[in-house]
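Asks: Handing over protein-v3.csv, CSV, C-alpha atoms.
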chain,number,residue,atom,x,y,z
Z,1,MET,CA,13.8,-64.6,186.0
Z,2,ALA,CA,13.9,-63.5,189.7
Z,3,PRO,CA,17.4,-62.8,191.2
Z,4,GLU,CA,18.7,-65.6,193.4
Z,5,SER,CA,19.6,-63.2,196.3
Z,6,LEU,CA,19.1,-59.6,197.3
Z,7,ALA,CA,22.8,-59.0,196.4
Z,8,GLU,CA,21.7,-59.4,192.7
Z,9,VAL,CA,19.2,-56.5,193.1
Z,10,PRO,CA,20.7,-53.3,191.6
Z,11,GLY,CA,21.5,-50.9,194.3
Z,12,CYS,CA,20.8,-53.3,197.1
Z,13,ASN,CA,24.5,-53.4,198.3
Z,14,CYS,CA,24.4,-49.6,198.7
Z,15,PHE,CA,21.4,-49.9,201.0
Z,16,TRP,CA,23.1,-52.7,203.0
Z,17,TYR,CA,26.3,-50.6,203.5
Z,18,LEU,CA,24.3,-47.6,204.4
Z,19,GLY,CA,22.4,-49.7,207.0
Z,20,VAL,CA,25.7,-50.9,208.5
Z,21,VAL,CA,27.1,-47.4,208.6
Z,22,ALA,CA,24.0,-46.1,210.3
Z,23,ALA,CA,23.9,-49.0,212.8
Z,24,THR,CA,27.6,-48.5,213.6
Z,25,TRP,CA,27.1,-44.8,214.1
Z,26,TRP,CA,24.2,-45.2,216.4
Z,27,GLY,CA,26.0,-47.9,218.3
Z,28,LEU,CA,29.1,-45.7,218.8
Z,29,ARG,CA,26.9,-42.8,219.8
Z,30,ALA,CA,25.1,-45.0,222.4
Z,31,ALA,CA,28.4,-46.3,223.7
Z,32,TRP,CA,29.8,-42.8,224.0
Z,33,CYS,CA,26.7,-41.6,225.9
Z,34,LEU,CA,26.9,-44.5,228.3
Z,35,LEU,CA,30.6,-43.9,228.9
Z,36,ASN,CA,30.1,-40.2,229.3
Z,37,GLY,CA,27.2,-40.8,231.7
Z,38,ALA,CA,29.3,-43.2,233.8
Z,39,ARG,CA,32.1,-40.6,233.9
Z,40,VAL,CA,29.7,-37.9,235.2
Z,41,TRP,CA,27.2,-39.7,237.3
Z,42,VAL,CA,29.3,-42.6,238.7
Z,43,LEU,CA,32.9,-41.2,238.8
Z,44,GLY,CA,32.2,-37.5,239.3
Z,45,SER,CA,33.2,-36.1,242.7
Z,46,GLY,CA,33.4,-32.4,242.2
Z,47,ALA,CA,36.8,-32.6,243.8
Z,48,GLN,CA,37.9,-29.2,242.4
Z,49,VAL,CA,35.2,-27.4,244.4
Z,50,GLY,CA,36.7,-26.6,247.7
Z,51,PRO,CA,39.1,-24.3,249.6
Z,52,THR,CA,42.0,-25.2,247.3
Z,53,ILE,CA,40.6,-22.8,244.7
Z,54,GLY,CA,39.8,-20.1,247.2
Z,55,LYS,CA,39.0,-19.8,250.9
Z,56,TRP,CA,35.6,-18.2,250.3
Z,57,ALA,CA,32.3,-19.1,248.5
Z,58,VAL,CA,29.7,-16.4,247.7
Z,59,VAL,CA,26.1,-17.6,247.4
Z,60,THR,CA,23.2,-15.3,246.4
Z,61,GLY,CA,19.7,-16.2,247.4
Z,62,ALA,CA,21.4,-18.1,250.3
Z,63,THR,CA,18.7,-18.4,252.9
Z,64,ASP,CA,16.3,-20.8,251.3
Z,65,GLY,CA,16.1,-23.8,248.9
Z,66,ILE,CA,18.9,-24.5,246.5
Z,67,GLY,CA,21.0,-21.5,247.6
Z,68,LYS,CA,20.9,-22.5,251.2
Z,69,ALA,CA,21.9,-26.1,250.2
Z,70,TYR,CA,24.8,-24.8,248.2
Z,71,ALA,CA,26.0,-22.7,251.1
Z,72,GLU,CA,25.8,-25.6,253.5
Z,73,GLU,CA,27.5,-28.1,251.2
Z,74,LEU,CA,30.3,-25.7,250.4
Z,75,ALA,CA,30.8,-25.1,254.1
Z,76,ARG,CA,30.9,-28.8,254.7
Z,77,ARG,CA,33.7,-28.9,252.2
Z,78,GLY,CA,35.7,-26.4,254.3
Z,79,MET,CA,34.9,-23.1,252.5
Z,80,ASN,CA,34.1,-19.9,254.4
Z,81,ILE,CA,30.7,-18.6,253.2
Z,82,VAL,CA,29.4,-15.1,252.2
Z,83,LEU,CA,25.6,-15.3,252.3
Z,84,ILE,CA,23.7,-12.7,250.2
Z,85,SER,CA,20.0,-12.3,250.4
Z,86,ARG,CA,17.2,-9.8,251.1
Z,87,SER,CA,16.3,-10.6,254.8
Z,88,PRO,CA,18.9,-9.6,257.5
Z,89,GLU,CA,17.1,-11.8,260.0
Z,90,LYS,CA,17.2,-14.9,257.8
Z,91,LEU,CA,20.8,-14.2,256.8
Z,92,GLU,CA,21.9,-13.9,260.5
Z,93,GLU,CA,20.1,-17.2,261.3
Z,94,ALA,CA,21.7,-19.0,258.4
Z,95,ALA,CA,25.1,-17.7,259.1
Z,96,ILE,CA,25.0,-18.7,262.8
Z,97,HIS,CA,23.8,-22.2,261.8
Z,98,ILE,CA,26.6,-22.7,259.2
Z,99,LYS,CA,29.3,-21.3,261.5
Z,100,GLN,CA,28.3,-23.6,264.4
Z,101,LYS,CA,27.7,-26.7,262.4
Z,102,PHE,CA,30.6,-26.6,260.0
Z,103,LYS,CA,33.2,-24.5,262.0
Z,104,VAL,CA,33.9,-22.1,259.1
Z,105,GLU,CA,33.8,-18.3,258.9
Z,106,THR,CA,30.6,-16.6,257.6
Z,107,LYS,CA,29.8,-13.1,256.4
Z,108,ILE,CA,26.4,-11.7,255.5
Z,109,ILE,CA,25.4,-9.0,253.0
Z,110,ALA,CA,21.7,-7.9,253.0
Z,111,ALA,CA,20.7,-7.0,249.4
Z,112,ASP,CA,17.5,-6.7,247.4
Z,113,PHE,CA,18.5,-7.7,243.9
Z,114,GLY,CA,15.3,-6.2,242.7
Z,115,LYS,CA,16.7,-2.7,243.4
Z,116,PRO,CA,20.1,-2.8,241.5
Z,117,THR,CA,21.0,0.8,241.9
Z,118,GLU,CA,21.2,0.4,245.7
Z,119,ILE,CA,23.2,-2.7,246.2
Z,120,TYR,CA,26.3,-3.4,244.0
Z,121,GLU,CA,28.6,-0.8,245.4
Z,122,ARG,CA,27.8,-2.2,248.9
Z,123,ILE,CA,28.3,-5.8,247.8
Z,124,GLU,CA,31.6,-4.9,246.1
Z,125,ALA,CA,32.8,-3.3,249.4
Z,126,GLY,CA,31.7,-6.3,251.4
Z,127,LEU,CA,33.6,-8.7,249.1
Z,128,ARG,CA,36.8,-6.7,248.9
Z,129,ASP,CA,40.0,-8.5,249.8
Z,130,LEU,CA,38.3,-11.9,250.1
Z,131,GLU,CA,39.9,-14.8,248.2
Z,132,ILE,CA,36.7,-16.0,246.5
Z,133,GLY,CA,37.0,-19.5,244.9
Z,134,VAL,CA,33.3,-20.2,244.2
Z,135,LEU,CA,30.4,-17.9,243.2
Z,136,VAL,CA,26.9,-19.4,243.1
Z,137,ASN,CA,24.5,-17.1,241.3
Z,138,ASN,CA,21.3,-18.6,242.7
Z,139,VAL,CA,18.9,-15.7,243.5
Z,140,GLY,CA,15.8,-15.8,241.3
Z,141,ILE,CA,12.1,-15.3,241.1
Z,142,SER,CA,9.3,-16.8,239.1
Z,143,TYR,CA,5.6,-16.1,238.6
Z,144,GLU,CA,3.2,-16.5,241.4
Z,145,TYR,CA,1.1,-18.7,239.0
Z,146,PRO,CA,1.3,-19.4,235.2
Z,147,GLU,CA,-0.2,-16.4,233.3
Z,148,TYR,CA,-0.5,-14.9,229.9
Z,149,PHE,CA,2.1,-12.1,229.3
Z,150,LEU,CA,-0.3,-9.2,229.2
Z,151,GLU,CA,-2.3,-10.5,232.2
Z,152,ILE,CA,0.6,-10.8,234.6
Z,153,PRO,CA,-0.3,-8.8,237.7
Z,154,ASP,CA,1.5,-5.4,238.0
Z,155,LEU,CA,3.2,-6.3,234.7
Z,156,GLU,CA,5.7,-3.3,234.4
Z,157,ASN,CA,7.1,-3.7,237.9
Z,158,THR,CA,7.1,-7.5,237.6
Z,159,LEU,CA,9.2,-7.3,234.4
Z,160,ASP,CA,11.7,-4.9,236.0
Z,161,LYS,CA,12.0,-7.1,239.1
Z,162,MET,CA,12.3,-10.4,237.2
Z,163,ILE,CA,14.9,-9.1,234.8
Z,164,ASN,CA,17.0,-7.4,237.6
Z,165,ILE,CA,16.9,-10.4,239.8
Z,166,ASN,CA,17.2,-13.3,237.3
Z,167,ILE,CA,19.5,-11.6,234.7
Z,168,MET,CA,21.3,-8.5,236.0
Z,169,SER,CA,22.3,-10.1,239.3
Z,170,VAL,CA,24.1,-12.9,237.4
Z,171,CYS,CA,26.0,-10.4,235.2
Z,172,GLN,CA,26.8,-7.9,238.0
Z,173,MET,CA,27.9,-10.5,240.6
Z,174,THR,CA,30.1,-12.2,237.9
Z,175,ARG,CA,31.6,-8.7,237.1
Z,176,LEU,CA,32.5,-8.3,240.8
Z,177,VAL,CA,34.0,-11.7,241.4
Z,178,LEU,CA,35.6,-12.8,238.2
Z,179,PRO,CA,38.6,-10.5,238.2
Z,180,GLY,CA,39.9,-12.0,241.5
Z,181,MET,CA,39.5,-15.5,240.1
Z,182,LEU,CA,41.4,-14.6,236.9
Z,183,GLY,CA,44.2,-13.0,239.0
Z,184,ARG,CA,44.7,-16.3,240.8
Z,185,GLY,CA,44.1,-18.4,237.7
Z,186,LYS,CA,41.4,-20.5,239.3
Z,187,GLY,CA,37.8,-20.3,240.3
Z,188,VAL,CA,34.3,-21.7,239.7
Z,189,VAL,CA,31.1,-19.8,238.8
Z,190,LEU,CA,27.9,-21.7,239.2
Z,191,ASN,CA,24.9,-20.1,237.5
Z,192,ILE,CA,21.6,-21.6,238.5
Z,193,SER,CA,19.4,-21.5,235.4
Z,194,SER,CA,16.3,-23.8,235.1
Z,195,ALA,CA,15.0,-26.6,232.8
Z,196,SER,CA,12.5,-23.9,231.8
Z,197,GLY,CA,15.4,-22.3,229.9
Z,198,MET,CA,15.9,-25.3,227.7
Z,199,TYR,CA,12.9,-24.4,225.5
Z,200,PRO,CA,10.1,-21.8,225.7
Z,201,VAL,CA,7.5,-22.4,228.4
Z,202,PRO,CA,4.2,-20.7,227.6
Z,203,LEU,CA,2.5,-18.9,230.5
Z,204,LEU,CA,5.9,-18.7,232.2
Z,205,THR,CA,7.4,-16.9,229.2
Z,206,VAL,CA,9.4,-14.2,230.8
Z,207,TYR,CA,10.8,-16.5,233.5
Z,208,SER,CA,11.7,-19.1,230.8
Z,209,ALA,CA,13.4,-16.4,228.7
Z,210,THR,CA,15.4,-15.1,231.7
Z,211,LYS,CA,16.7,-18.6,232.5
Z,212,ALA,CA,17.6,-19.1,228.8
Z,213,PHE,CA,19.7,-16.0,229.1
Z,214,VAL,CA,21.5,-17.4,232.2
Z,215,ASP,CA,22.2,-20.6,230.3
Z,216,PHE,CA,23.6,-18.9,227.2
Z,217,PHE,CA,25.6,-16.4,229.2
Z,218,SER,CA,27.2,-19.2,231.3
Z,219,ARG,CA,28.2,-21.3,228.3
Z,220,GLY,CA,29.6,-18.3,226.4
Z,221,LEU,CA,31.5,-17.2,229.5
Z,222,HIS,CA,33.0,-20.6,230.0
Z,223,ALA,CA,34.3,-20.7,226.5
Z,224,GLU,CA,35.9,-17.3,227.1
Z,225,TYR,CA,37.7,-18.1,230.4
Z,226,ARG,CA,38.2,-21.8,230.7
Z,227,SER,CA,41.7,-21.5,229.3
Z,228,LYS,CA,42.5,-19.0,232.1
Z,229,GLY,CA,41.6,-21.5,234.9
Z,230,VAL,CA,38.0,-20.4,235.6
Z,231,THR,CA,35.1,-22.9,235.2
Z,232,VAL,CA,31.6,-21.5,234.5
Z,233,GLN,CA,28.8,-24.0,234.7
Z,234,SER,CA,25.1,-23.6,233.7
Z,235,VAL,CA,22.9,-25.6,236.1
Z,236,LEU,CA,19.4,-26.4,234.8
Z,237,PRO,CA,17.3,-28.2,237.4
Z,238,PHE,CA,13.8,-29.6,236.8
Z,239,PHE,CA,11.6,-29.7,239.8
Z,240,VAL,CA,13.3,-29.6,243.3
Z,241,ALA,CA,11.3,-29.6,246.5
Z,242,THR,CA,11.6,-25.9,247.4
Z,243,LYS,CA,9.3,-23.0,248.3
Z,244,LEU,CA,9.9,-21.5,244.8
Z,245,ALA,CA,8.6,-24.7,243.1
Z,246,LYS,CA,5.8,-25.0,245.7
Z,247,ILE,CA,6.8,-28.6,246.4
Z,248,ARG,CA,6.9,-29.7,250.0
Z,249,LYS,CA,7.8,-33.4,250.0
Z,250,PRO,CA,10.9,-34.7,248.1
Z,251,THR,CA,10.5,-37.7,245.8
Z,252,TRP,CA,13.0,-39.6,243.6
Z,253,ASP,CA,12.4,-37.2,240.7
Z,254,LYS,CA,11.8,-34.1,242.8
Z,255,PRO,CA,14.7,-34.3,245.2
Z,256,SER,CA,15.4,-32.2,248.3
Z,257,PRO,CA,17.7,-29.2,247.7
Z,258,GLU,CA,20.5,-31.0,249.7
Z,259,THR,CA,20.3,-34.1,247.5
Z,260,TYR,CA,20.2,-32.1,244.4
Z,261,VAL,CA,23.2,-29.9,245.3
Z,262,ARG,CA,25.4,-32.8,246.3
Z,263,SER,CA,24.7,-34.4,242.9
Z,264,ALA,CA,25.1,-31.1,241.0
Z,265,LEU,CA,28.5,-30.3,242.6
Z,266,ASN,CA,29.8,-33.7,241.4
Z,267,THR,CA,29.3,-32.6,237.8
Z,268,VAL,CA,31.6,-29.5,238.1
Z,269,GLY,CA,34.5,-29.8,235.7
Z,270,LEU,CA,32.7,-32.6,233.8
Z,271,GLN,CA,29.8,-30.8,232.3
Z,272,THR,CA,29.6,-27.1,231.2
Z,273,GLN,CA,25.8,-27.4,231.0
Z,274,THR,CA,24.2,-29.8,233.5
Z,275,ASN,CA,20.7,-30.8,234.8
Z,276,GLY,CA,22.6,-31.6,238.0
Z,277,TYR,CA,20.8,-34.8,239.0
Z,278,LEU,CA,20.5,-38.1,237.1
Z,279,PRO,CA,16.7,-38.3,236.8
Z,280,HIS,CA,16.7,-34.7,235.7
Z,281,ALA,CA,19.4,-35.5,233.1
Z,282,ILE,CA,17.4,-38.4,231.7
Z,283,THR,CA,14.3,-36.1,231.5
Z,284,GLY,CA,16.4,-33.4,229.9
Z,285,TRP,CA,17.8,-35.8,227.3
Z,286,ILE,CA,14.3,-37.1,226.4
Z,287,SER,CA,12.8,-33.6,226.2
Z,288,THR,CA,15.5,-32.2,224.0
Z,289,SER,CA,16.6,-35.2,221.9
Z,290,LEU,CA,13.5,-37.2,221.4
Z,291,VAL,CA,10.6,-34.7,221.8
Z,292,PRO,CA,10.2,-32.0,219.1
Z,293,VAL,CA,10.4,-28.5,220.5
Z,294,SER,CA,6.9,-27.8,219.1
Z,295,ALA,CA,5.6,-30.7,221.1
Z,296,ALA,CA,7.4,-29.6,224.3
Z,297,ILE,CA,5.9,-26.1,223.9
Z,298,SER,CA,2.4,-27.6,223.4
Z,299,MET,CA,2.8,-29.8,226.5
Z,300,GLY,CA,4.0,-26.9,228.6
Z,301,MET,CA,1.1,-24.8,227.4
Z,302,LYS,CA,-1.4,-27.5,228.3
Z,303,MET,CA,0.1,-28.1,231.7
Z,304,ASN,CA,0.3,-24.4,232.7
Z,305,LYS,CA,-3.2,-23.7,231.5
Z,306,GLY,CA,-4.4,-26.3,233.9
Z,307,LEU,CA,-2.3,-24.9,236.7
Z,308,ARG,CA,-3.5,-21.4,235.9
Z,309,ALA,CA,-7.2,-22.5,236.0
Z,310,ARG,CA,-6.8,-24.2,239.3
Z,311,PHE,CA,-5.0,-21.2,240.9
Z,312,LEU,CA,-7.6,-18.7,239.7
Z,313,LYS,CA,-10.5,-21.0,240.8
Z,314,LYS,CA,-9.0,-21.3,244.3
Z,315,ALA,CA,-8.3,-17.5,244.4
Z,316,LYS,CA,-11.9,-16.8,243.4
Z,317,GLN,CA,-13.3,-19.2,246.1
Z,318,ASN,CA,-11.2,-17.4,248.8
Have the structure of the file written as structure tokens, please.

Replies:
Amino acid sequence: MAPESLAEVPGCNCFWYLGVVAATWWGLRAAWCLLNGARVWVLGSGAQVGPTIGKWAVVTGATDGIGKAYAEELARRGMNIVLISRSPEKLEEAAIHIKQKFKVETKIIAADFGKPTEIYERIEAGLRDLEIGVLVNNVGISYEYPEYFLEIPDLENTLDKMININIMSVCQMTRLVLPGMLGRGKGVVLNISSASGMYPVPLLTVYSATKAFVDFFSRGLHAEYRSKGVTVQSVLPFFVATKLAKIRKPTWDKPSPETYVRSALNTVGLQTQTNGYLPHAITGWISTSLVPVSAAISMGMKMNKGLRARFLKKAKQN
């Protein structure tokens, strides 16, 4: 004789309760994500980033793209700016522009981060006695085009340069600036990583690995020093319309550096690890929560093989 209801089926109640628990858990998780998203992307203002935590901001890679945008936005908020980059001419031009537009003090330090033995004593001397509230570790380099590891042009020198610029600069600049922040019990360190550091990216393998280092270094450092008043944030942008990304025209998902930086600064104090911009955050959530890592790696490989083929074909034609 058939049971009159599912409740009479042995074990059915257990499945029903498990379903309720699972639905409740997913519902609570979704609600938490929505509330947290609203807190970050609607209510976030980055109010702590300004001259109240220190009169000066230091920005590396400050003459182009995201670095230049950070320098200008922090100046707009009333901070004096130390610009550090390789080209004295570009530094001078950027410093004059910021000083005239935002009525703040500026200081320049010309430094090639690819030559670490030559620069850090000079940078330390240039920063001495400054009340530094914000450090933006932005300087970085990538490949000229996607390439297999052993086929990277001038591989040995490229490895040295990329590791010195993308990794050593972050560690050394933090070493120079962090003691002053700890002495005052306040400060913000913004380390510009990349979405390429969220999972391995074939044919950009070394770049991807250096940016993963920046992300891990930042999150570990934040755990060490947040109780002492210093915030360390890992910033992982997807594509931004910069020379480095070889994107000329901004779009809604590939914003201008200025749009990106204004958004990213609003997340300071709310996210230790941030994609910095709402469309990037959605992309990041999908790629890390819904897409298996193996699939992300495969998609990266396919995309970069196509970019590599186009670059080499164009180079051969020229």

Asks: Please determine, counting only C-alpha atoms, which residue among Z:Val214, Z:Leu265, Z:Val240, Z:Val20 has the shortest atom-to-atom distance to Asn138 (chain Z).

Replies: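 Counting only C-alpha atoms, the residue closest to Asn138 (chain Z) is Z:Val214.
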
Asks: Can you tell me which residues surround region 157-163 of chain Z at a distance of at most 8 Å, considering all atoms listed in the file, apart from same-chain residues fewer than 4 positions away, and format the answer as a list in words?

Replies: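 With the cut-off at 8 Å, the set is Gly114, Lys115, Gly140, Ile141, Ser142, Ile152, Pro153, Ile167, Met168, Val206, Tyr207 and Thr210 of chain Z.
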
Asks: Generate a file of the selected residues that holds C-alpha atoms, formatted as an mmCIF file, in the frame of the given file.

Replies:
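And here's selection23.cif as it stands now:
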data_model
loop_
_atom_site.group_PDB
_atom_site.id
_atom_site.type_symbol
_atom_site.label_atom_id
_atom_site.label_comp_id
_atom_site.auth_asym_id
_atom_site.auth_seq_id
_atom_site.Cartn_x
_atom_site.Cartn_y
_atom_site.Cartn_z
ATOM 1 C CA GLY Z 114 15.300 -6.200 242.700
ATOM 2 C CA LYS Z 115 16.700 -2.700 243.400
ATOM 3 C CA GLY Z 140 15.800 -15.800 241.300
ATOM 4 C CA ILE Z 141 12.100 -15.300 241.100
ATOM 5 C CA SER Z 142 9.300 -16.800 239.100
ATOM 6 C CA ILE Z 152 0.600 -10.800 234.600
ATOM 7 C CA PRO Z 153 -0.300 -8.800 237.700
ATOM 8 C CA ILE Z 167 19.500 -11.600 234.700
ATOM 9 C CA MET Z 168 21.300 -8.500 236.000
ATOM 10 C CA VAL Z 206 9.400 -14.200 230.800
ATOM 11 C CA TYR Z 207 10.800 -16.500 233.500
ATOM 12 C CA THR Z 210 15.400 -15.100 231.700
#

Asks: What is the distance, in Å and to one decimal place, between CA of Gly78 (chain Z) and CA of Lys101 (chain Z)?

Replies: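 Pair CA of Gly78 (chain Z) / CA of Lys101 (chain Z) returns 11.4 Å.
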
Asks: At what distance in Å, to one decimal, does CA of Met301 (chain Z) lie from CA of Thr205 (chain Z)?

Replies: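 Distance reported for this atom pair: 10.3 Å.
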
Asks: Calculate how many Å separate CA of Ala296 (chain Z) from CA of Leu270 (chain Z), rounding to one decimal.

Replies: 27.2 Å

Asks: I'd like the contact shell of Trp56 (chain Z) - 6 Å cut-off, all atoms listed in the file, skipping same-chain residues fewer than 4 positions apart - returned as a list of chain:residue names.

Replies: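 Answer for this query is Z:Met79, Z:Asn80, Z:Ile81, Z:Glu131, Z:Ile132, Z:Gly133.
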
Asks: Mind writing the picked residues with C-alpha atoms as a short mmCIF file (atom, residue, chain, number, x, y, z; two decimals), keeping the file's coordinate frame?

Replies:
data_model
loop_
_atom_site.label_atom_id
_atom_site.label_comp_id
_atom_site.auth_asym_id
_atom_site.auth_seq_id
_atom_site.Cartn_x
_atom_site.Cartn_y
_atom_site.Cartn_z
CA MET Z 79 34.90 -23.10 252.50
CA ASN Z 80 34.10 -19.90 254.40
CA ILE Z 81 30.70 -18.60 253.20
CA GLU Z 131 39.90 -14.80 248.20
CA ILE Z 132 36.70 -16.00 246.50
CA GLY Z 133 37.00 -19.50 244.90
#

Asks: Determine the nearest neighbour of Gly50 (chain Z) from the options Z:Val170, Z:Gly187, Z:Ala125, Z:Leu83, counting only C-alpha atoms.

Replies: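 That would be Z:Gly187, the residue with the smallest distance to Gly50 (chain Z).
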
Asks: As a VMD selection string, please: the residues near Arg86 (chain Z) (cut-off 9 Å, all atoms listed in the file, same-chain neighbours under 2 positions excluded).

Replies: chain Z and resid 61 63 84 88 90 to 91 109 to 113

Asks: Output region 38-50 of chain Z from the block with N, CA, C and O atoms, as a short mmCIF file (atom, residue, chain, number, x, y, z; two decimals), in the first residue's frame?

Replies:
data_model
loop_
_atom_site.label_atom_id
_atom_site.label_comp_id
_atom_site.auth_asym_id
_atom_site.auth_seq_id
_atom_site.Cartn_x
_atom_site.Cartn_y
_atom_site.Cartn_z
N ALA Z 38 26.43 46.78 -0.22
CA ALA Z 38 25.88 48.13 -0.03
C ALA Z 38 26.79 48.96 0.86
O ALA Z 38 27.02 50.16 0.61
N ARG Z 39 27.32 48.33 1.90
CA ARG Z 39 28.22 49.04 2.81
C ARG Z 39 29.46 49.54 2.08
O ARG Z 39 29.89 50.68 2.28
N VAL Z 40 30.00 48.72 1.20
CA VAL Z 40 31.23 49.09 0.49
C VAL Z 40 30.95 50.02 -0.67
O VAL Z 40 31.57 51.09 -0.80
N TRP Z 41 29.99 49.63 -1.55
CA TRP Z 41 29.86 50.33 -2.83
C TRP Z 41 28.87 51.49 -2.80
O TRP Z 41 28.86 52.32 -3.71
N VAL Z 42 28.03 51.55 -1.75
CA VAL Z 42 27.08 52.67 -1.65
C VAL Z 42 27.49 53.63 -0.53
O VAL Z 42 27.51 54.85 -0.72
N LEU Z 43 27.84 53.08 0.63
CA LEU Z 43 28.12 53.93 1.78
C LEU Z 43 29.60 54.28 1.92
O LEU Z 43 29.95 55.22 2.65
N GLY Z 44 30.48 53.55 1.26
CA GLY Z 44 31.92 53.79 1.39
C GLY Z 44 32.31 55.16 0.90
O GLY Z 44 31.88 55.62 -0.15
N SER Z 45 33.17 55.84 1.67
CA SER Z 45 33.62 57.18 1.29
C SER Z 45 35.14 57.34 1.37
O SER Z 45 35.68 58.35 0.92
N GLY Z 46 35.82 56.35 1.96
CA GLY Z 46 37.26 56.49 2.13
C GLY Z 46 37.65 57.69 2.94
O GLY Z 46 38.72 58.29 2.74
N ALA Z 47 36.80 58.05 3.92
CA ALA Z 47 37.01 59.28 4.67
C ALA Z 47 38.31 59.29 5.45
O ALA Z 47 38.87 60.36 5.75
N GLN Z 48 38.83 58.11 5.81
CA GLN Z 48 40.05 58.08 6.59
C GLN Z 48 41.29 58.41 5.76
O GLN Z 48 42.37 58.64 6.32
N VAL Z 49 41.17 58.44 4.45
CA VAL Z 49 42.32 58.72 3.58
C VAL Z 49 42.39 60.22 3.32
O VAL Z 49 41.68 60.76 2.49
N GLY Z 50 43.28 60.88 4.05
CA GLY Z 50 43.43 62.32 3.90
C GLY Z 50 44.48 62.84 4.87
O GLY Z 50 45.16 62.06 5.55
#
